[in-house]
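Source file: target.txt; contents: compact mmCIF, C-alpha atoms.
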```
# COMPACT_ATOMS: atom_id res chain seq x y z
CA MET W 1 -8.46 -18.88 17.35
CA ILE W 2 -10.26 -15.89 15.92
CA ALA W 3 -13.83 -14.67 16.34
CA ALA W 4 -16.05 -14.44 13.26
CA GLN W 5 -16.64 -10.73 13.89
CA GLU W 6 -12.91 -10.04 13.50
CA LEU W 7 -12.86 -11.57 10.02
CA VAL W 8 -15.69 -9.66 8.35
CA SER W 9 -15.00 -6.60 6.21
CA ALA W 10 -17.41 -3.78 5.33
CA ASP W 11 -18.86 -5.75 2.40
CA GLY W 12 -19.69 -8.72 4.61
CA VAL W 13 -17.11 -11.00 2.99
CA PRO W 14 -14.60 -12.51 5.45
CA ARG W 15 -10.88 -12.18 4.97
CA ARG W 16 -8.62 -15.21 4.67
CA LEU W 17 -7.44 -17.24 7.62
CA ARG W 18 -3.74 -16.46 7.93
CA CYS W 19 -0.75 -18.65 8.54
CA ARG W 20 1.00 -17.83 11.82
CA GLY W 21 4.22 -18.91 13.53
CA LEU W 22 6.00 -20.36 10.49
CA THR W 23 9.14 -18.91 8.88
CA LEU W 24 10.64 -19.63 5.49
CA SER W 25 13.76 -21.10 7.08
CA GLU W 26 11.66 -23.47 9.21
CA LEU W 27 9.66 -24.55 6.18
CA ALA W 28 12.82 -25.10 4.14
CA ARG W 29 14.40 -27.16 6.89
CA GLU W 30 11.26 -29.27 7.35
CA LEU W 31 10.98 -30.17 3.66
CA GLY W 32 14.62 -30.25 2.57
CA MET W 33 14.47 -27.06 0.48
CA ARG W 34 17.33 -24.57 0.14
CA LEU W 35 16.42 -21.00 1.05
CA ALA W 36 18.05 -18.32 -1.12
CA GLY W 37 17.07 -14.81 -0.08
CA GLY W 38 15.64 -13.18 2.99
CA ASP W 39 13.89 -15.06 5.76
CA GLY W 40 10.54 -14.01 7.21
CA GLU W 41 7.17 -15.17 8.50
CA VAL W 42 4.86 -16.98 6.11
CA ALA W 43 1.41 -15.36 5.88
CA GLY W 44 -0.11 -17.77 3.38
CA PHE W 45 0.21 -19.90 0.26
CA ARG W 46 -0.95 -18.68 -3.16
CA PRO W 47 -0.87 -19.90 -6.76
CA LEU W 48 0.75 -17.48 -9.20
CA SER W 49 -2.69 -16.20 -10.20
CA GLY W 50 -3.39 -15.13 -6.61
CA LEU W 51 -0.42 -12.84 -5.97
CA SER W 52 -2.17 -9.54 -6.66
CA GLN W 53 -3.49 -9.35 -3.10
CA ARG W 54 -0.69 -8.45 -0.70
CA GLU W 55 -0.40 -10.15 2.67
CA ASP W 56 0.82 -9.10 6.11
CA GLY W 57 3.89 -11.27 5.66
CA ILE W 58 5.27 -13.52 2.95
CA ALA W 59 3.15 -15.36 0.39
CA VAL W 60 4.64 -18.67 -0.74
CA THR W 61 4.01 -19.65 -4.36
CA TYR W 62 5.67 -21.92 -6.92
CA LEU W 63 7.15 -21.74 -10.41
CA GLY W 64 7.43 -24.98 -12.36
CA SER W 65 7.86 -23.59 -15.88
CA ALA W 66 9.46 -20.47 -17.34
CA ARG W 67 6.33 -19.76 -19.40
CA PHE W 68 4.45 -18.77 -16.23
CA ALA W 69 7.16 -16.45 -14.91
CA GLY W 70 5.29 -13.39 -16.15
CA LEU W 71 2.71 -13.91 -13.40
CA LEU W 72 5.31 -13.20 -10.72
CA ARG W 73 5.67 -9.70 -9.32
CA ALA W 74 8.58 -8.02 -7.60
CA GLY W 75 8.70 -7.78 -3.84
CA SER W 76 10.27 -9.26 -0.73
CA ASP W 77 6.81 -10.44 0.34
CA ILE W 78 6.95 -13.36 -2.14
CA ALA W 79 8.85 -16.62 -1.79
CA VAL W 80 8.92 -18.99 -4.77
CA ILE W 81 9.34 -22.75 -4.61
CA THR W 82 11.23 -23.59 -7.79
CA ARG W 83 14.13 -25.49 -9.33
CA ALA W 84 17.63 -24.05 -9.49
CA GLU W 85 17.55 -23.55 -13.27
CA LEU W 86 14.42 -21.38 -12.99
CA ARG W 87 15.74 -19.05 -10.32
CA GLY W 88 16.77 -16.49 -12.93
CA HIS W 89 13.09 -15.92 -13.78
CA LEU W 90 12.24 -14.65 -10.30
CA GLN W 91 11.50 -10.95 -9.80
CA GLU W 92 13.48 -8.45 -7.74
CA GLY W 93 13.24 -9.13 -4.03
CA ASN W 94 11.71 -12.61 -4.32
CA ALA W 95 13.12 -15.27 -2.04
CA ALA W 96 13.68 -18.71 -3.58
CA LEU W 97 13.04 -22.09 -2.03
CA ILE W 98 15.12 -24.37 -4.26
CA VAL W 99 13.94 -27.95 -4.73
CA ASP W 100 15.16 -30.92 -6.74
CA GLY W 101 11.70 -32.36 -7.37
CA ASP W 102 8.43 -31.02 -8.80
CA PRO W 103 7.74 -27.46 -7.49
CA HIS W 104 3.99 -28.07 -7.79
CA ASP W 105 4.04 -31.07 -5.49
CA LEU W 106 6.51 -29.45 -3.06
CA PHE W 107 4.27 -26.37 -2.88
CA TYR W 108 1.25 -28.44 -1.91
CA THR W 109 3.35 -30.51 0.48
CA ALA W 110 4.38 -27.25 2.15
CA LEU W 111 0.74 -26.17 2.44
CA ALA W 112 -0.23 -29.58 3.84
CA THR W 113 2.61 -29.39 6.36
CA ALA W 114 1.41 -25.98 7.61
CA VAL W 115 -2.23 -27.09 7.87
CA GLU W 116 -1.40 -30.33 9.65
CA ALA W 117 0.82 -28.47 12.13
CA GLY W 118 -2.05 -26.14 13.05
CA LYS W 119 -0.30 -23.04 11.72
CA PHE W 120 -3.45 -21.42 10.30
CA GLU W 121 -5.94 -19.36 12.26
CA ARG W 122 -9.08 -21.23 13.29
CA LEU W 123 -12.57 -19.94 13.84
CA SER W 124 -13.75 -19.61 17.44
CA ALA W 125 -16.66 -21.89 18.32
CA PHE W 126 -20.06 -20.31 19.02
CA LEU W 127 -23.58 -21.72 19.31
CA SER W 128 -26.49 -19.33 19.71
CA PRO W 129 -29.10 -20.45 22.24
CA SER W 130 -31.79 -19.87 19.63
CA ALA W 131 -30.18 -22.10 16.98
CA LYS W 132 -31.90 -25.45 16.36
CA VAL W 133 -29.39 -28.26 15.95
CA HIS W 134 -30.80 -31.77 15.55
CA PRO W 135 -29.20 -34.26 17.96
CA MET W 136 -28.24 -36.45 14.99
CA ALA W 137 -26.32 -33.64 13.28
CA SER W 138 -22.51 -33.72 13.56
CA ILE W 139 -20.93 -30.41 14.56
CA ALA W 140 -17.12 -30.25 14.66
CA ASP W 141 -14.94 -27.88 16.69
CA HIS W 142 -14.34 -24.35 15.40
CA VAL W 143 -17.90 -23.90 14.07
CA HIS W 144 -19.87 -20.67 14.58
CA ILE W 145 -23.68 -21.01 14.50
CA GLU W 146 -25.76 -17.82 14.69
CA ALA W 147 -29.24 -17.09 16.03
CA GLY W 148 -32.18 -18.75 14.31
CA ALA W 149 -30.07 -21.19 12.30
CA THR W 150 -31.51 -24.69 11.75
CA ILE W 151 -29.40 -27.80 11.16
CA ASP W 152 -31.26 -31.01 10.36
CA ALA W 153 -30.50 -34.66 11.07
CA GLY W 154 -27.43 -36.15 9.44
CA ALA W 155 -25.91 -32.82 8.46
CA VAL W 156 -22.13 -32.67 8.93
CA ILE W 157 -20.57 -29.29 9.76
CA LEU W 158 -16.77 -29.32 9.70
CA PRO W 159 -14.18 -26.92 11.21
CA ASN W 160 -13.94 -23.25 10.20
CA THR W 161 -17.59 -23.04 9.17
CA TYR W 162 -19.71 -19.96 9.84
CA ILE W 163 -23.50 -20.42 9.74
CA GLY W 164 -25.28 -17.09 9.66
CA PRO W 165 -28.57 -15.95 11.22
CA ASP W 166 -31.64 -17.91 10.07
CA ALA W 167 -29.57 -20.14 7.78
CA VAL W 168 -30.99 -23.64 7.15
CA ILE W 169 -28.97 -26.79 6.45
CA LYS W 170 -31.15 -29.71 5.47
CA ALA W 171 -30.61 -33.40 6.21
CA ASN W 172 -27.36 -35.09 5.17
CA ALA W 173 -25.68 -31.99 3.75
CA THR W 174 -21.94 -31.56 4.34
CA VAL W 175 -20.47 -28.10 4.88
CA GLY W 176 -16.77 -27.28 5.28
CA GLY W 177 -15.02 -30.42 4.05
CA ASP W 178 -11.86 -30.47 1.97
CA GLY W 179 -12.34 -30.00 -1.75
CA TYR W 180 -10.79 -32.04 -4.53
CA GLU W 181 -7.29 -30.66 -4.93
CA ASN W 182 -4.73 -33.43 -5.21
CA ALA W 183 -0.95 -33.60 -5.46
CA VAL W 184 1.91 -35.95 -4.68
CA ILE W 185 2.54 -35.32 -0.99
CA ARG W 186 5.49 -37.10 0.63
CA GLY W 187 5.65 -39.60 -2.19
CA ARG W 188 1.94 -40.45 -2.37
CA ARG W 189 -0.88 -38.90 -4.36
CA ALA W 190 -3.33 -37.47 -1.86
CA ILE W 191 -6.01 -34.84 -1.30
CA VAL W 192 -4.41 -31.58 -0.15
CA PRO W 193 -5.59 -30.49 3.34
CA HIS W 194 -7.47 -27.21 2.96
CA ALA W 195 -6.58 -24.19 5.09
CA GLY W 196 -9.79 -22.16 4.74
CA GLY W 197 -13.43 -22.46 5.69
CA ALA W 198 -17.04 -22.13 4.57
CA TRP W 199 -19.21 -19.06 5.21
CA LEU W 200 -22.99 -19.15 4.91
CA SER W 201 -24.48 -15.67 5.23
CA GLU W 202 -27.83 -14.70 6.71
CA GLY W 203 -30.79 -16.64 5.33
CA VAL W 204 -28.76 -19.11 3.24
CA ARG W 205 -30.50 -22.45 2.70
CA ILE W 206 -28.54 -25.60 1.89
CA GLY W 207 -30.45 -28.56 0.42
CA SER W 208 -30.26 -32.21 1.41
CA CYS W 209 -27.10 -34.07 0.35
CA THR W 210 -25.54 -30.84 -0.89
CA CYS W 211 -21.79 -30.34 -0.41
CA VAL W 212 -20.13 -26.98 0.30
CA ASP W 213 -16.33 -27.37 0.36
CA LYS W 214 -14.04 -25.06 2.29
CA GLY W 215 -11.48 -22.69 0.79
CA LEU W 216 -8.09 -24.10 -0.17
CA PHE W 217 -5.54 -21.41 0.73
CA GLY W 218 -7.21 -19.89 3.80
CA GLU W 219 -10.11 -18.14 2.05
CA PHE W 220 -13.73 -18.97 2.81
CA SER W 221 -16.05 -20.53 0.27
CA PHE W 222 -18.79 -17.93 0.51
CA LEU W 223 -22.55 -17.83 -0.07
CA GLY W 224 -24.20 -14.41 0.13
CA ALA W 225 -27.38 -13.53 1.97
CA CYS W 226 -30.52 -15.49 1.03
CA THR W 227 -28.75 -17.63 -1.56
CA THR W 228 -30.36 -21.07 -1.72
CA THR W 229 -29.32 -24.46 -3.03
CA ASP W 230 -31.54 -27.36 -3.98
CA ASN W 231 -30.66 -30.95 -3.06
CA LEU W 232 -27.52 -32.61 -4.47
CA VAL W 233 -25.66 -29.41 -5.36
CA HIS W 234 -21.85 -29.31 -5.34
CA PHE W 235 -20.27 -25.97 -4.37
CA ALA W 236 -16.54 -26.58 -4.66
CA HIS W 237 -13.58 -25.14 -2.78
CA SER W 238 -12.92 -21.39 -2.83
CA CYS W 239 -16.12 -20.52 -4.71
CA ARG W 240 -17.95 -17.29 -3.99
CA ALA W 241 -21.63 -16.54 -4.63
CA GLY W 242 -23.47 -13.25 -4.18
CA LYS W 243 -26.89 -12.56 -2.70
CA ASN W 244 -30.19 -14.17 -3.74
CA CYS W 245 -28.70 -16.84 -5.99
CA SER W 246 -30.61 -20.07 -6.74
CA PHE W 247 -28.79 -23.31 -7.54
CA THR W 248 -31.15 -26.13 -8.47
CA ALA W 249 -30.73 -29.90 -8.19
CA CYS W 250 -27.42 -31.44 -9.27
CA ALA W 251 -25.78 -28.15 -10.23
CA GLU W 252 -21.98 -28.49 -10.11
CA ILE W 253 -19.90 -25.38 -9.45
CA SER W 254 -16.19 -26.11 -9.81
CA GLY W 255 -13.38 -24.63 -7.73
CA SER W 256 -12.75 -20.87 -7.48
CA VAL W 257 -15.84 -19.86 -9.48
CA VAL W 258 -17.21 -16.39 -8.69
CA LEU W 259 -20.96 -15.81 -9.12
CA GLY W 260 -22.64 -12.41 -8.83
CA ASP W 261 -25.97 -11.59 -7.21
CA GLY W 262 -29.18 -13.24 -8.33
CA VAL W 263 -27.63 -15.99 -10.48
CA TRP W 264 -30.02 -18.86 -11.33
CA LEU W 265 -28.63 -22.26 -12.31
CA ALA W 266 -31.04 -24.85 -13.70
CA PRO W 267 -30.74 -28.61 -12.94
CA ASN W 268 -27.51 -30.37 -13.94
CA VAL W 269 -25.61 -27.22 -14.88
CA ALA W 270 -21.81 -27.63 -14.73
CA ILE W 271 -19.46 -24.65 -14.45
CA ASN W 272 -15.74 -24.99 -15.19
CA GLN W 273 -13.27 -23.87 -12.56
CA SER W 274 -12.12 -20.27 -12.04
CA LEU W 275 -14.87 -18.69 -14.18
CA THR W 276 -16.88 -15.56 -13.38
CA ILE W 277 -20.66 -15.62 -13.79
CA GLY W 278 -22.09 -12.09 -13.77
CA SER W 279 -25.02 -10.96 -11.66
CA HIS W 280 -28.53 -12.00 -12.71
CA CYS W 281 -27.43 -14.64 -15.20
CA VAL W 282 -29.77 -17.54 -16.00
CA VAL W 283 -28.18 -20.81 -17.14
CA GLY W 284 -30.41 -23.48 -18.69
CA THR W 285 -30.80 -27.15 -17.81
CA GLY W 286 -27.82 -29.42 -18.50
CA SER W 287 -25.59 -26.61 -19.74
CA VAL W 288 -21.79 -26.76 -19.46
CA VAL W 289 -20.29 -23.31 -18.89
CA THR W 290 -16.73 -23.03 -20.21
CA LYS W 291 -16.36 -19.23 -20.48
CA ASN W 292 -17.15 -16.20 -18.32
CA LEU W 293 -20.70 -14.89 -18.62
CA PRO W 294 -21.45 -11.16 -18.52
CA PRO W 295 -24.28 -9.93 -16.24
CA HIS W 296 -27.90 -10.57 -17.31
CA SER W 297 -26.92 -13.36 -19.72
CA LEU W 298 -29.37 -16.07 -20.72
CA ALA W 299 -27.08 -18.99 -21.56
CA TYR W 300 -27.59 -22.64 -22.38
CA GLY W 301 -26.10 -25.50 -24.36
CA PHE W 302 -22.98 -27.67 -24.41
CA PRO W 303 -20.86 -25.62 -24.33
CA ALA W 304 -23.14 -22.87 -23.05
CA ARG W 305 -23.63 -19.88 -25.34
CA VAL W 306 -25.28 -16.56 -24.57
CA MET W 307 -28.70 -16.67 -26.27
CA GLY W 308 -30.21 -13.50 -24.90
CA LYS W 309 -30.49 -11.09 -21.99
CA VAL W 310 -32.65 -11.38 -18.89
CA CYS W 311 -34.15 -9.06 -16.30
CA VAL W 312 -33.47 -9.21 -12.56
CA CYS W 313 -36.78 -11.10 -12.35
CA ARG W 314 -35.40 -13.64 -14.94
CA GLU W 315 -37.81 -12.64 -17.73
CA LYS W 316 -36.17 -12.57 -21.16
CA LEU W 317 -35.63 -9.03 -22.45
CA GLU W 318 -36.45 -7.90 -25.98
CA PHE W 319 -34.30 -4.95 -27.06
CA GLU W 320 -35.20 -2.41 -29.70
CA ASN W 321 -32.80 0.45 -30.44
CA ASN W 322 -30.76 -0.76 -27.45
CA LEU W 323 -33.70 -0.26 -25.06
CA ALA W 324 -35.93 -2.80 -23.33
CA THR W 325 -38.70 -2.84 -20.74
CA CYS W 326 -39.35 -6.07 -18.86
CA ALA W 327 -42.78 -7.46 -19.75
CA ARG W 328 -43.14 -8.97 -16.28
CA CYS W 329 -41.92 -6.35 -13.78
CA GLY W 330 -41.55 -3.16 -15.84
CA ARG W 331 -37.86 -2.53 -15.18
CA ALA W 332 -36.19 -0.51 -17.94
CA TYR W 333 -32.79 -1.39 -19.43
CA GLN W 334 -30.41 -0.20 -22.09
CA LEU W 335 -27.32 -1.61 -23.78
CA ASP W 336 -24.09 0.31 -23.31
CA GLU W 337 -21.43 0.79 -25.98
CA SER W 338 -19.97 -2.66 -25.29
CA GLY W 339 -23.37 -4.36 -25.53
CA GLN W 340 -23.70 -4.95 -21.78
CA VAL W 341 -27.01 -4.53 -19.97
CA CYS W 342 -27.46 -1.60 -17.61
CA HIS W 343 -30.48 0.08 -16.02
CA ALA W 344 -32.00 2.84 -18.08
```
If you convert what's in this file into structure tokens, what do you get?
Amino acid sequence: MIAAQELVSADGVPRRLRCRGLTLSELARELGMRLAGGDGEVAGFRPLSGLSQREDGIAVTYLGSARFAGLLRAGSDIAVITRAELRGHLQEGNAALIVDGDPHDLFYTALATAVEAGKFERLSAFLSPSAKVHPMASIADHVHIEAGATIDAGAVILPNTYIGPDAVIKANATVGGDGYENAVIRGRRAIVPHAGGAWLSEGVRIGSCTCVDKGLFGEFSFLGACTTTDNLVHFAHSCRAGKNCSFTACAEISGSVVLGDGVWLAPNVAINQSLTIGSHCVVGTGSVVTKNLPPHSLAYGFPARVMGKVCVCREKLEFENNLATCARCGRAYQLDESGQVCHA
């Protein structure tokens, strides 16, 4: 187990929970894979798109098609679950875990095996004496609840959840459950057990019947200070939101979305997975976001299109000669050479 204080970096965002006590040879033996290359301790599991961040140990990934081989990088800190005919696409130093079946499904079976065996770090339990937890709330093991937090009746708080100072979780919300990642695991289609957690920073407010899923590969789904959700919001696995965001009723934020500070989502907004929504964006009611949005965008529609620029206070900006002054709060802005908003 690990204390919350040991996880937090200078920017307030926690690091991933790491895999411990599992070697490549043990994993290969457990799942009938053939290890080709050096052995070593597994630090975590990553999709190809997540290999840029180096680990203190070996990151296990998978390659199911030659067309994705360009996402691999060289290094002995990467082990690739793949088929024999694809081994030639691996980079220098990579270990191979050779399988006869689908590398995708064997990768997620390997992750599930590690989670189920308790190989990932878990958050140490803590309950501040000044926290207010309703007797009809359900609090699992490995939950950290800070001073001044309030958890209402019917709320369900699952393992590896951090609830920051003065955070509020309203009735019947669920925080820290597995997200919707599915694969064929041991011959049956199933939801993949998630290795990460959920992190609610100081002053976060979670509305009734809202769901905040935990991170998939050991990371924390993260909500920055004073971010608030309305009722019936879905914040999917591995998402990250900055400070002072507002997500209104029935907003749906798909897996691995990154939102900057001060983002405002109107009712029934849907955001496709793995997108980046820049700071101080405003997205209109019922919009479906299918592309990244630059900071200060006013976007709406199906699919959502950028229809203007907005101030930090959410007032629409009117530019003349690339300059604008907010009619509500008086902040001054200019457009840079790429057409992006910056403070004047």
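Straight-line separation from atom CA of Ile98 of chain W to atom CA of Ser25 of chain W: 11.9 Å.
Nearest residue to Ile191 of chain W among W:Leu111, W:Val143, W:Ala153, W:Val204 is W:Leu111, counting all atoms listed in the file.
Using only C-alpha atoms, the shortest contact distance between Gly44 of chain W and any of W:Ala195, W:Ala173, W:Ala3, W:Leu158 is found at W:Ala195.
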*Select all residues near (-12.7, -14.2, 8.2) (cut-off 12 Å, inclusive, file coordinates), counting only C-alpha atoms, and output them as a ChimeraX atom specification.*
/W:1-18,120-124,144,160-162,196-200,215,218-222
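Counting only C-alpha atoms and comparing W:Thr61, W:Ser49, W:Gln273, W:Thr210, the residue that lies closest to Lys170 of chain W is W:Thr210.
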*Do a neighbour search on Ala96 of chain W at 7 Å with all atoms listed in the file, toss out local chain neighbours closer than 5 positions, and write the hits as JSON, numbers by chain.*
{"W": [35, 36, 37, 79, 80, 81, 82]}
Centre and edges of the segment 112-127 of chain W box, axis-aligned, 3 Å extra per side, as JSON:
```
{"center_x": -10.5, "center_y": -24.8, "center_z": 11.6, "size_x": 32.2, "size_y": 17.0, "size_z": 21.5}
```
*Looking at only C-alpha atoms, which of W:Pro294, W:Gly40, W:Gly301, W:Gly154 is the one that sits closest to Leu24 of chain W?*
W:Gly40
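Between Leu232 of chain W and the residues W:Gly203, W:Gly262, W:Gly38, W:Pro267, the shortest atom-to-atom distance, using only C-alpha atoms, involves W:Pro267.
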*asked:* One number please: atom CA of Cys313 of chain W to atom CA of Leu275 of chain W, in Å, one decimal.
replied: 23.3 Å
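If you look at atom CA of Cys245 of chain W and atom CA of Gly330 of chain W, they are 21.2 Å away from each other.
For the residues W:Leu63, W:Leu216, W:Ile253, W:Ala117, ranking by smallest atom-to-atom distance to Phe45 of chain W using all atoms listed in the file places W:Leu216 first.
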*asked:* At a cut-off of 9 Å around the point (-31.9, -20.4, 11.0) (file coordinates), what residues fall inside when counting all atoms listed in the file? I'd like the answer as a VMD selection string.
replied: chain W and resid 130 to 132 145 to 151 163 to 169 202 to 205
Leu265 of chain W: which residues within 10 Å, counting only C-alpha atoms, same-chain residues fewer than 2 positions away excluded, as a PDB file with C-alpha atoms, in the frame of the given file?
```pdb
ATOM      1  CA  THR W 229     -29.320 -24.460  -3.030  1.00  0.00           C
ATOM      2  CA  CYS W 245     -28.700 -16.840  -5.990  1.00  0.00           C
ATOM      3  CA  SER W 246     -30.610 -20.070  -6.740  1.00  0.00           C
ATOM      4  CA  PHE W 247     -28.790 -23.310  -7.540  1.00  0.00           C
ATOM      5  CA  THR W 248     -31.150 -26.130  -8.470  1.00  0.00           C
ATOM      6  CA  ALA W 249     -30.730 -29.900  -8.190  1.00  0.00           C
ATOM      7  CA  CYS W 250     -27.420 -31.440  -9.270  1.00  0.00           C
ATOM      8  CA  ALA W 251     -25.780 -28.150 -10.230  1.00  0.00           C
ATOM      9  CA  GLU W 252     -21.980 -28.490 -10.110  1.00  0.00           C
ATOM     10  CA  ILE W 253     -19.900 -25.380  -9.450  1.00  0.00           C
ATOM     11  CA  GLY W 262     -29.180 -13.240  -8.330  1.00  0.00           C
ATOM     12  CA  VAL W 263     -27.630 -15.990 -10.480  1.00  0.00           C
ATOM     13  CA  PRO W 267     -30.740 -28.610 -12.940  1.00  0.00           C
ATOM     14  CA  ASN W 268     -27.510 -30.370 -13.940  1.00  0.00           C
ATOM     15  CA  VAL W 269     -25.610 -27.220 -14.880  1.00  0.00           C
ATOM     16  CA  ALA W 270     -21.810 -27.630 -14.730  1.00  0.00           C
ATOM     17  CA  ILE W 271     -19.460 -24.650 -14.450  1.00  0.00           C
ATOM     18  CA  CYS W 281     -27.430 -14.640 -15.200  1.00  0.00           C
ATOM     19  CA  VAL W 282     -29.770 -17.540 -16.000  1.00  0.00           C
ATOM     20  CA  VAL W 283     -28.180 -20.810 -17.140  1.00  0.00           C
ATOM     21  CA  GLY W 284     -30.410 -23.480 -18.690  1.00  0.00           C
ATOM     22  CA  THR W 285     -30.800 -27.150 -17.810  1.00  0.00           C
ATOM     23  CA  GLY W 286     -27.820 -29.420 -18.500  1.00  0.00           C
ATOM     24  CA  SER W 287     -25.590 -26.610 -19.740  1.00  0.00           C
ATOM     25  CA  ALA W 299     -27.080 -18.990 -21.560  1.00  0.00           C
TER      26      ALA W 299
END
```
*Residues at most 12 Å from Gln53 of chain W, counting all atoms listed in the file, excluding those fewer than 3 positions away in the same chain, as a ChimeraX atom specification?*
/W:15-16,43-50,56-59,73,77-78
*Asp336 of chain W surroundings by only C-alpha atoms, 10 Å radius, close-in-sequence under 5 positions cut, as a list in words*: Asn322, Leu323, Val341, Cys342, His343 and Ala344 of chain W
Residue selection dump (C-alpha atoms) as an mmCIF file, in the frame of the given file:
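Okay, again-v3.cif is ready:
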```
data_model
loop_
_atom_site.group_PDB
_atom_site.id
_atom_site.type_symbol
_atom_site.label_atom_id
_atom_site.label_comp_id
_atom_site.auth_asym_id
_atom_site.auth_seq_id
_atom_site.Cartn_x
_atom_site.Cartn_y
_atom_site.Cartn_z
ATOM 1 C CA ASN W 322 -30.760 -0.760 -27.450
ATOM 2 C CA LEU W 323 -33.700 -0.260 -25.060
ATOM 3 C CA VAL W 341 -27.010 -4.530 -19.970
ATOM 4 C CA CYS W 342 -27.460 -1.600 -17.610
ATOM 5 C CA HIS W 343 -30.480 0.080 -16.020
ATOM 6 C CA ALA W 344 -32.000 2.840 -18.080
#
```
Skip Thr109 of chain W itself and residues of its chain fewer than 4 positions away, then list as a PDB file with C-alpha atoms, in the frame of the given file all residues within 7 Å of it, counting all atoms listed in the file.
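And here's part_8.pdb as it stands now:
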```
ATOM      1  CA  ASP W 105       4.040 -31.070  -5.490  1.00  0.00           C
ATOM      2  CA  THR W 113       2.610 -29.390   6.360  1.00  0.00           C
ATOM      3  CA  ILE W 185       2.540 -35.320  -0.990  1.00  0.00           C
ATOM      4  CA  ARG W 186       5.490 -37.100   0.630  1.00  0.00           C
TER       5      ARG W 186
END
```
